[in-house]
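File shown here: upload-v4.pdb, holding PDB, C-alpha atoms and all ligand atoms.
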```
ATOM      1  CA  MET A   1       0.000   0.000   0.000
ATOM      2  CA  GLN A   2       1.485   3.374  -0.999
ATOM      3  CA  VAL A   3       1.314   5.922   1.793
ATOM      4  CA  THR A   4       3.489   8.937   2.371
ATOM      5  CA  PRO A   5       5.138   9.030   5.805
ATOM      6  CA  ILE A   6       5.014  12.356   7.660
ATOM      7  CA  ARG A   7       7.264  12.730  10.733
ATOM      8  CA  CYS A   8       5.369  14.124  13.687
ATOM      9  CA  LYS A   9       7.197  14.462  17.023
ATOM     10  CA  ASP A  10       7.767  10.947  18.313
ATOM     11  CA  ARG A  11       5.611   8.932  15.955
ATOM     12  CA  ILE A  12       5.432   8.518  12.221
ATOM     13  CA  MET A  13       2.097   9.742  10.845
ATOM     14  CA  THR A  14       1.024   8.541   7.439
ATOM     15  CA  ALA A  15      -1.208  10.276   4.903
ATOM     16  CA  THR A  16      -4.616   8.573   5.006
ATOM     17  CA  PRO A  17      -5.082   5.854   2.403
ATOM     18  CA  ALA A  18      -8.464   5.148   0.816
ATOM     19  CA  LEU A  19     -10.633   3.059   3.141
ATOM     20  CA  ALA A  20     -13.382   0.518   2.503
ATOM     21  CA  LEU A  21     -15.526  -1.765   4.637
ATOM     22  CA  THR A  22     -16.928  -5.150   3.730
ATOM     23  CA  ILE A  23     -19.967  -6.552   5.524
ATOM     24  CA  ALA A  24     -19.744 -10.176   4.498
ATOM     25  CA  GLY A  25     -19.474 -13.810   5.490
ATOM     26  CA  SER A  26     -16.332 -15.791   6.125
ATOM     27  CA  GLU A  27     -15.633 -18.697   3.780
ATOM     28  CA  ALA A  28     -12.781 -20.461   5.489
ATOM     29  CA  THR A  29     -10.854 -21.696   2.440
ATOM     30  CA  GLY A  30     -10.535 -18.131   1.126
ATOM     31  CA  GLY A  31     -12.595 -18.767  -1.993
ATOM     32  CA  ALA A  32     -15.405 -16.316  -1.198
ATOM     33  CA  GLY A  33     -16.597 -13.670   1.216
ATOM     34  CA  ALA A  34     -14.606 -11.362   3.452
ATOM     35  CA  GLN A  35     -11.297 -13.127   2.742
ATOM     36  CA  VAL A  36     -11.652 -12.363  -0.972
ATOM     37  CA  ASP A  37     -12.816  -8.798  -0.310
ATOM     38  CA  LEU A  38      -9.858  -7.985   1.923
ATOM     39  CA  ARG A  39      -7.355  -9.477  -0.542
ATOM     40  CA  THR A  40      -8.951  -7.364  -3.283
ATOM     41  CA  PHE A  41      -8.838  -4.168  -1.206
ATOM     42  CA  GLN A  42      -5.188  -4.807  -0.384
ATOM     43  CA  ALA A  43      -4.253  -5.503  -4.023
ATOM     44  CA  LEU A  44      -5.880  -2.190  -5.003
ATOM     45  CA  ASP A  45      -4.120  -0.165  -2.287
ATOM     46  CA  VAL A  46      -7.208   0.268  -0.120
ATOM     47  CA  PHE A  47      -7.174  -0.200   3.653
ATOM     48  CA  GLY A  48      -9.882  -2.785   4.353
ATOM     49  CA  MET A  49     -12.148  -3.510   7.288
ATOM     50  CA  ALA A  50     -14.573  -6.404   7.703
ATOM     51  CA  ALA A  51     -17.700  -7.026   9.784
ATOM     52  CA  LEU A  52     -18.520 -10.752   9.606
ATOM     53  CA  THR A  53     -22.138 -11.800   9.130
ATOM     54  CA  CYS A  54     -21.832 -15.586   8.975
ATOM     55  CA  ILE A  55     -19.361 -18.445   8.897
ATOM     56  CA  VAL A  56     -19.465 -20.796   5.914
ATOM     57  CA  SER A  57     -17.506 -24.057   6.171
ATOM     58  CA  PHE A  58     -17.601 -26.293   3.115
ATOM     59  CA  ASP A  59     -18.137 -29.970   3.878
ATOM     60  CA  PRO A  60     -15.576 -32.010   1.925
ATOM     61  CA  LYS A  61     -17.321 -35.219   3.037
ATOM     62  CA  ASN A  62     -20.609 -34.060   1.526
ATOM     63  CA  ALA A  63     -19.756 -32.812  -1.973
ATOM     64  CA  TRP A  64     -18.333 -29.548  -0.599
ATOM     65  CA  SER A  65     -21.827 -28.351   0.356
ATOM     66  CA  HIS A  66     -22.130 -25.247   2.549
ATOM     67  CA  ARG A  67     -22.356 -25.479   6.316
ATOM     68  CA  PHE A  68     -23.771 -22.093   7.268
ATOM     69  CA  VAL A  69     -23.754 -20.523  10.746
ATOM     70  CA  PRO A  70     -25.058 -16.951  11.177
ATOM     71  CA  VAL A  71     -23.217 -14.560  13.498
ATOM     72  CA  ASP A  72     -25.430 -13.315  16.335
ATOM     73  CA  PRO A  73     -27.090 -10.017  15.242
ATOM     74  CA  GLN A  74     -25.771  -8.243  18.365
ATOM     75  CA  VAL A  75     -22.215  -9.280  17.461
ATOM     76  CA  ILE A  76     -22.722  -7.902  13.945
ATOM     77  CA  ALA A  77     -24.033  -4.641  15.443
ATOM     78  CA  ASP A  78     -21.022  -4.526  17.807
ATOM     79  CA  GLN A  79     -18.534  -4.918  14.965
ATOM     80  CA  LEU A  80     -20.251  -2.172  12.988
ATOM     81  CA  GLU A  81     -20.371   0.091  16.039
ATOM     82  CA  ALA A  82     -16.613  -0.237  16.500
ATOM     83  CA  ILE A  83     -15.890   0.376  12.808
ATOM     84  CA  THR A  84     -18.237   3.331  12.311
ATOM     85  CA  THR A  85     -17.079   4.991  15.533
ATOM     86  CA  ALA A  86     -13.405   4.597  14.664
ATOM     87  CA  TYR A  87     -13.939   5.887  11.142
ATOM     88  CA  PRO A  88     -16.460   8.726  10.639
ATOM     89  CA  PRO A  89     -18.302   9.149   7.307
ATOM     90  CA  GLU A  90     -15.724  11.623   5.890
ATOM     91  CA  GLN A  91     -13.039   8.973   6.317
ATOM     92  CA  LEU A  92     -14.969   5.781   5.536
ATOM     93  CA  SER A  93     -17.554   6.467   2.859
ATOM     94  CA  VAL A  94     -17.705   3.171   0.953
ATOM     95  CA  THR A  95     -19.047  -0.180   2.065
ATOM     96  CA  LYS A  96     -19.496  -3.414   0.195
ATOM     97  CA  ILE A  97     -22.227  -5.849   1.222
ATOM     98  CA  GLY A  98     -21.747  -9.545   0.575
ATOM     99  CA  MET A  99     -23.557 -12.539   2.042
ATOM    100  CA  LEU A 100     -25.993 -11.577   4.789
ATOM    101  CA  GLY A 101     -27.834 -14.900   4.971
ATOM    102  CA  THR A 102     -30.772 -14.391   7.367
ATOM    103  CA  PRO A 103     -33.632 -11.890   7.779
ATOM    104  CA  ALA A 104     -32.296 -10.987  11.272
ATOM    105  CA  THR A 105     -28.867 -10.153   9.839
ATOM    106  CA  ILE A 106     -30.477  -8.119   7.075
ATOM    107  CA  ASP A 107     -32.481  -6.089   9.629
ATOM    108  CA  THR A 108     -29.346  -5.385  11.663
ATOM    109  CA  VAL A 109     -27.259  -4.323   8.670
ATOM    110  CA  ALA A 110     -30.062  -2.254   7.099
ATOM    111  CA  LYS A 111     -30.504  -0.362  10.382
ATOM    112  CA  VAL A 112     -26.806   0.536  10.526
ATOM    113  CA  LEU A 113     -26.858   1.617   6.871
ATOM    114  CA  ARG A 114     -29.857   3.862   7.548
ATOM    115  CA  ASP A 115     -28.443   5.328  10.801
ATOM    116  CA  ARG A 116     -24.959   6.052   9.501
ATOM    117  CA  SER A 117     -25.204   6.689   5.818
ATOM    118  CA  PHE A 118     -22.382   5.686   3.519
ATOM    119  CA  GLN A 119     -21.897   7.697   0.351
ATOM    120  CA  GLN A 120     -21.524   4.488  -1.629
ATOM    121  CA  VAL A 121     -23.044   1.091  -0.831
ATOM    122  CA  VAL A 122     -21.960  -1.661  -3.235
ATOM    123  CA  LEU A 123     -24.358  -4.591  -2.925
ATOM    124  CA  ASP A 124     -23.398  -8.046  -4.167
ATOM    125  CA  PRO A 125     -26.922  -9.484  -3.800
ATOM    126  CA  VAL A 126     -25.928 -13.011  -2.719
ATOM    127  CA  LEU A 127     -29.337 -14.656  -2.717
ATOM    128  CA  ILE A 128     -29.179 -18.333  -1.935
ATOM    129  CA  CYS A 129     -26.576 -20.440  -0.254
ATOM    130  CA  LYS A 130     -26.617 -24.218  -0.558
ATOM    131  CA  GLY A 131     -27.090 -25.581   2.945
ATOM    132  CA  GLN A 132     -29.793 -23.066   3.827
ATOM    133  CA  GLU A 133     -33.360 -24.301   3.945
ATOM    134  CA  PRO A 134     -35.208 -23.203   0.762
ATOM    135  CA  GLY A 135     -38.056 -21.677   2.854
ATOM    136  CA  ALA A 136     -35.622 -19.628   4.934
ATOM    137  CA  ALA A 137     -33.735 -18.627   1.794
ATOM    138  CA  LEU A 138     -36.924 -17.234   0.274
ATOM    139  CA  ASP A 139     -37.545 -15.032   3.321
ATOM    140  CA  THR A 140     -33.945 -13.890   3.145
ATOM    141  CA  ASP A 141     -34.209 -13.038  -0.554
ATOM    142  CA  ARG A 142     -37.362 -11.021   0.088
ATOM    143  CA  ALA A 143     -35.840  -9.170   3.061
ATOM    144  CA  LEU A 144     -32.745  -8.309   0.997
ATOM    145  CA  GLN A 145     -34.891  -6.852  -1.779
ATOM    146  CA  THR A 146     -37.102  -4.901   0.614
ATOM    147  CA  HIS A 147     -34.566  -3.581   3.127
ATOM    148  CA  VAL A 148     -31.110  -3.490   1.523
ATOM    149  CA  LEU A 149     -31.607  -3.040  -2.228
ATOM    150  CA  PRO A 150     -33.149   0.457  -1.787
ATOM    151  CA  LEU A 151     -30.057   1.529   0.206
ATOM    152  CA  ALA A 152     -27.577   0.363  -2.436
ATOM    153  CA  THR A 153     -25.874   2.795  -4.796
ATOM    154  CA  PHE A 154     -24.233   0.056  -6.913
ATOM    155  CA  VAL A 155     -25.519  -3.512  -7.417
ATOM    156  CA  THR A 156     -23.655  -6.465  -8.985
ATOM    157  CA  PRO A 157     -26.168  -9.275  -9.637
ATOM    158  CA  ASN A 158     -25.042 -12.493 -11.332
ATOM    159  CA  HIS A 159     -27.142 -14.280 -13.944
ATOM    160  CA  PHE A 160     -29.452 -15.960 -11.417
ATOM    161  CA  GLU A 161     -29.741 -12.867  -9.216
ATOM    162  CA  SER A 162     -30.511 -10.726 -12.285
ATOM    163  CA  MET A 163     -33.478 -12.973 -13.090
ATOM    164  CA  SER A 164     -34.646 -13.008  -9.506
ATOM    165  CA  LEU A 165     -34.352  -9.230  -8.920
ATOM    166  CA  SER A 166     -35.814  -8.239 -12.307
ATOM    167  CA  GLY A 167     -38.592 -10.850 -12.262
ATOM    168  CA  MET A 168     -37.523 -12.112 -15.722
ATOM    169  CA  ASP A 169     -37.824 -15.864 -16.155
ATOM    170  CA  LYS A 170     -34.978 -16.236 -18.628
ATOM    171  CA  ILE A 171     -31.832 -14.357 -19.575
ATOM    172  CA  GLU A 172     -30.268 -15.897 -22.667
ATOM    173  CA  THR A 173     -28.776 -12.978 -24.574
ATOM    174  CA  VAL A 174     -26.956  -9.694 -23.933
ATOM    175  CA  GLU A 175     -30.232  -7.944 -24.790
ATOM    176  CA  ASP A 176     -32.024  -9.922 -22.036
ATOM    177  CA  LEU A 177     -29.247  -9.094 -19.568
ATOM    178  CA  THR A 178     -29.498  -5.400 -20.507
ATOM    179  CA  ALA A 179     -33.274  -5.448 -19.974
ATOM    180  CA  ALA A 180     -32.759  -7.060 -16.532
ATOM    181  CA  ALA A 181     -30.096  -4.500 -15.576
ATOM    182  CA  LYS A 182     -32.398  -1.623 -16.619
ATOM    183  CA  ARG A 183     -35.248  -3.080 -14.574
ATOM    184  CA  ILE A 184     -33.013  -3.466 -11.486
ATOM    185  CA  HIS A 185     -31.796   0.108 -11.960
ATOM    186  CA  GLU A 186     -35.433   1.331 -12.064
ATOM    187  CA  LEU A 187     -36.257  -0.641  -8.903
ATOM    188  CA  SER A 188     -33.229   0.445  -6.891
ATOM    189  CA  GLY A 189     -31.994   3.716  -8.364
ATOM    190  CA  ALA A 190     -28.522   2.176  -8.143
ATOM    191  CA  ALA A 191     -25.873   1.751 -10.814
ATOM    192  CA  VAL A 192     -26.117  -1.887 -11.942
ATOM    193  CA  LEU A 193     -23.385  -4.179 -13.233
ATOM    194  CA  ALA A 194     -25.220  -7.360 -14.291
ATOM    195  CA  LYS A 195     -22.872 -10.296 -14.861
ATOM    196  CA  GLY A 196     -23.406 -12.769 -17.689
ATOM    197  CA  GLY A 197     -20.230 -14.682 -16.867
ATOM    198  CA  VAL A 198     -20.151 -18.215 -18.275
ATOM    199  CA  ASN A 199     -23.976 -18.321 -18.324
ATOM    200  CA  LEU A 200     -24.372 -16.556 -21.656
ATOM    201  CA  PRO A 201     -23.181 -18.366 -24.799
ATOM    202  CA  GLY A 202     -20.288 -17.082 -26.921
ATOM    203  CA  PRO A 203     -16.547 -16.597 -26.623
ATOM    204  CA  ASP A 204     -16.734 -13.550 -24.310
ATOM    205  CA  ALA A 205     -17.696 -13.080 -20.658
ATOM    206  CA  VAL A 206     -20.161 -10.212 -20.942
ATOM    207  CA  ASP A 207     -21.377  -7.869 -18.203
ATOM    208  CA  VAL A 208     -23.776  -4.966 -18.674
ATOM    209  CA  PHE A 209     -23.429  -1.636 -16.851
ATOM    210  CA  VAL A 210     -26.563   0.519 -16.544
ATOM    211  CA  ASP A 211     -26.787   3.822 -14.715
ATOM    212  CA  GLY A 212     -29.436   6.336 -15.717
ATOM    213  CA  SER A 213     -28.794   7.139 -19.359
ATOM    214  CA  ILE A 214     -25.604   5.056 -19.614
ATOM    215  CA  VAL A 215     -25.697   1.500 -20.960
ATOM    216  CA  GLU A 216     -22.303  -0.097 -21.574
ATOM    217  CA  VAL A 217     -21.516  -3.698 -22.442
ATOM    218  CA  LEU A 218     -18.217  -4.793 -20.892
ATOM    219  CA  SER A 219     -16.704  -7.867 -22.406
ATOM    220  CA  ALA A 220     -13.518  -9.893 -22.102
ATOM    221  CA  PRO A 221     -12.597 -13.260 -23.634
ATOM    222  CA  LYS A 222     -13.856 -16.131 -21.439
ATOM    223  CA  VAL A 223     -11.152 -17.962 -19.515
ATOM    224  CA  GLY A 224     -12.634 -21.481 -19.814
ATOM    225  CA  GLU A 225     -16.326 -22.315 -19.450
ATOM    226  CA  VAL A 226     -16.359 -23.132 -15.718
ATOM    227  CA  ALA A 227     -17.049 -20.471 -13.091
ATOM    228  CA  VAL A 228     -14.150 -19.759 -10.735
ATOM    229  CA  ALA A 229     -14.842 -19.232  -7.017
ATOM    230  CA  GLY A 230     -14.527 -15.705  -5.743
ATOM    231  CA  ALA A 231     -15.156 -13.926  -9.054
ATOM    232  CA  GLY A 232     -18.363 -12.215  -7.898
ATOM    233  CA  CYS A 233     -16.886 -11.141  -4.564
ATOM    234  CA  THR A 234     -13.719  -9.901  -6.282
ATOM    235  CA  LEU A 235     -15.666  -7.853  -8.838
ATOM    236  CA  ALA A 236     -17.863  -6.125  -6.233
ATOM    237  CA  ALA A 237     -14.932  -5.530  -3.868
ATOM    238  CA  ALA A 238     -12.876  -4.080  -6.742
ATOM    239  CA  VAL A 239     -15.774  -1.744  -7.613
ATOM    240  CA  ALA A 240     -15.863  -0.629  -3.954
ATOM    241  CA  ALA A 241     -12.078  -0.137  -3.883
ATOM    242  CA  HIS A 242     -12.088   1.985  -7.040
ATOM    243  CA  LEU A 243     -15.006   4.083  -5.755
ATOM    244  CA  ALA A 244     -13.089   4.564  -2.483
ATOM    245  CA  ARG A 245     -10.147   5.836  -4.517
ATOM    246  CA  GLY A 246     -12.379   8.411  -6.215
ATOM    247  CA  ALA A 247     -13.455   6.722  -9.447
ATOM    248  CA  GLY A 248     -16.955   7.258 -10.838
ATOM    249  CA  PRO A 249     -19.296   4.251 -11.167
ATOM    250  CA  LEU A 250     -18.575   3.458 -14.846
ATOM    251  CA  GLU A 251     -14.817   3.845 -14.431
ATOM    252  CA  ALA A 252     -14.992   1.629 -11.311
ATOM    253  CA  ALA A 253     -16.952  -1.002 -13.269
ATOM    254  CA  ARG A 254     -14.453  -1.040 -16.148
ATOM    255  CA  SER A 255     -11.428  -1.262 -13.828
ATOM    256  CA  ALA A 256     -13.076  -3.963 -11.696
ATOM    257  CA  LYS A 257     -13.837  -6.044 -14.778
ATOM    258  CA  GLU A 258     -10.167  -5.856 -15.849
ATOM    259  CA  PHE A 259      -9.038  -6.767 -12.329
ATOM    260  CA  VAL A 260     -11.298  -9.809 -12.024
ATOM    261  CA  THR A 261     -10.430 -11.039 -15.516
ATOM    262  CA  ALA A 262      -6.725 -10.961 -14.597
ATOM    263  CA  GLY A 263      -7.527 -12.724 -11.305
ATOM    264  CA  ILE A 264      -9.417 -15.496 -13.118
ATOM    265  CA  ARG A 265      -6.427 -16.005 -15.422
ATOM    266  CA  HIS A 266      -4.128 -16.205 -12.380
ATOM    267  CA  ARG A 267      -6.401 -18.711 -10.598
ATOM    268  CA  LEU A 268      -5.297 -20.795  -7.645
ATOM    269  CA  GLN A 269      -5.843 -24.561  -7.635
ATOM    270  CA  SER A 270      -6.302 -26.735  -4.556
ATOM    271  CA  ALA A 271      -7.695 -30.134  -3.562
ATOM    272  CA  ALA A 272     -11.187 -28.549  -3.579
ATOM    273  CA  PRO A 273     -13.158 -29.120  -6.801
ATOM    274  CA  PHE A 274     -13.058 -25.445  -7.840
ATOM    275  CA  ASP A 275     -10.336 -22.962  -8.683
ATOM    276  CA  VAL A 276     -10.188 -19.621  -6.892
ATOM    277  CA  VAL A 277      -9.555 -16.132  -8.264
ATOM    278  CA  LEU A 278      -6.051 -14.959  -7.427
ATOM    279  CA  GLN A 279      -5.926 -11.191  -6.918
ATOM    280  CA  LYS A 280      -2.796  -9.606  -8.399
TER
HETATM  281  O1  LIG B 301     -19.947 -16.272  -3.696
HETATM  282  C1  LIG B 301     -20.996 -16.155  -2.816
HETATM  283  C2  LIG B 301     -20.522 -16.271  -1.387
HETATM  284  C3  LIG B 301     -20.348 -15.124  -0.663
HETATM  285  N1  LIG B 301     -19.943 -15.141   0.615
HETATM  286  C4  LIG B 301     -19.670 -16.309   1.242
HETATM  287  C5  LIG B 301     -19.826 -17.520   0.566
HETATM  288  C6  LIG B 301     -20.264 -17.509  -0.780
HETATM  289  C7  LIG B 301     -20.400 -18.757  -1.522
HETATM  290  O2  LIG B 301     -20.015 -19.795  -1.076
HETATM  291  O3  LIG B 301     -19.550 -18.661   1.201
HETATM  292  C8  LIG B 301     -19.217 -16.285   2.661
END
```
Write the structure described by the file as structure tokens, please.
Ligand code: PXL
Amino acid sequence: MQVTPIRCKDRIMTATPALALTIAGSEATGGAGAQVDLRTFQALDVFGMAALTCIVSFDPKNAWSHRFVPVDPQVIADQLEAITTAYPPEQLSVTKIGMLGTPATIDTVAKVLRDRSFQQVVLDPVLICKGQEPGAALDTDRALQTHVLPLATFVTPNHFESMSLSGMDKIETVEDLTAAAKRIHELSGAAVLAKGGVNLPGPDAVDVFVDGSIVEVLSAPKVGEVAVAGAGCTLAAAVAAHLARGAGPLEAARSAKEFVTAGIRHRLQSAAPFDVVLQK
């Protein structure tokens, strides 16, 4: 991280770097969640903080399914109290929201977002998590749409989330993805970066950025046809990092797309059945 040291009496003061917060789950192997967000912030020269919302432990004995444990809402509120007291809005103006996971967590986080407004709220609308009961997941999806989506200033839905948030029952082309992104923009007022990823046919991984009058298709050659873990978290965290460093939404989207594409190329392999984005 590049910071300029300033000598001040008996301690070395440093010029303030850009700051960003992630409110996200922990995925222990480092393939998703807060671990990915913090690596991304660091790679982009942004000082990162994290308030954990849940602990996800994959189960290698059960097809790497998700074991999901929510963090107690009071503990989430405590973490956010410490962070927002240490860093006032002028210093910490950008937050990224990842997996919340339960209606109680969503209530807690939405309250903090309303009480202490952030200039920029980047929402990665993680909707379902394998290992959660479908009934509970539906309540969670609804709560996210009702309480958090309206507070977001930038949303990064994947293919499935774009269908769910827009109400469209299929997205098969770039035109469909653009229509979904426009609908989500109308619903939320936020800038939207809808991700086609490997779910749209063709040689390129295509995302669509929509913000008011701007519609821009961002594309990069696909790196294989299999999704890599951590790509969604990396993209949203990179958007947040670029916004924290002063970029506008479209510039942040373009830079984040380049960053995640490079990270997918530099993927990390392990004994788990998925590769992981490697932030460079
Ligand atoms: O990629 C979605 C995601 C986000 N956050 C956490 C996760 C996952 C998927 O596994 O575990 C903590």
*Choose the residue, out of A:Ala220, A:Ala236, A:Ile106, A:Leu144, that has the smallest atom-to-atom separation from Leu127 in chain A; count only C-alpha atoms.*
A:Leu144
Coordinates of box centre and edge lengths for range 193-202 of chain A, 6 Å on every side, axis-aligned, as JSON:
```
{"center_x": -22.7, "center_y": -11.3, "center_z": -20.1, "size_x": 17.1, "size_y": 26.2, "size_z": 25.7}
```
*Can I get the residues close to ligand LIG 301 (chain B) as a PyMOL selection string, where close means within 7 Å and we count all atoms listed in the file?*
chain A and resi 24-27+32-34+54-56+66+98-99+126+129+229-230+232-233
*Distance criterion (only C-alpha atoms): nearest to Leu235 in chain A out of A:Asn158, A:Thr153, A:Thr178, A:Ser188*: A:Asn158
_Closest of A:Ser219, A:Leu52, A:His266, A:Ala227 to Leu80 in chain A - atom-to-atom distances counting all atoms listed in the file_ = A:Leu52
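Going from CA of Phe259 in chain A over to CA of Ile214 in chain A, you cover 21.6 Å.
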_Spatial neighbours of Gly197 in chain A, max dist 9 Å, only C-alpha atoms, sep filter under 5 positions, as number ranges by chain_ = A: 158-159, 204-207, 222, 225, 227
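Counting all atoms listed in the file and comparing A:Lys96, A:Ala20, A:Ala110, A:Asp59, the residue that lies closest to Ala77 in chain A is A:Ala110.
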*Contacts of Pro89 in chain A at 10 Å (all atoms listed in the file; same-chain gap of 3+ positions) as a PyMOL selection string*: chain A and resi 84-86+92-94+116-119
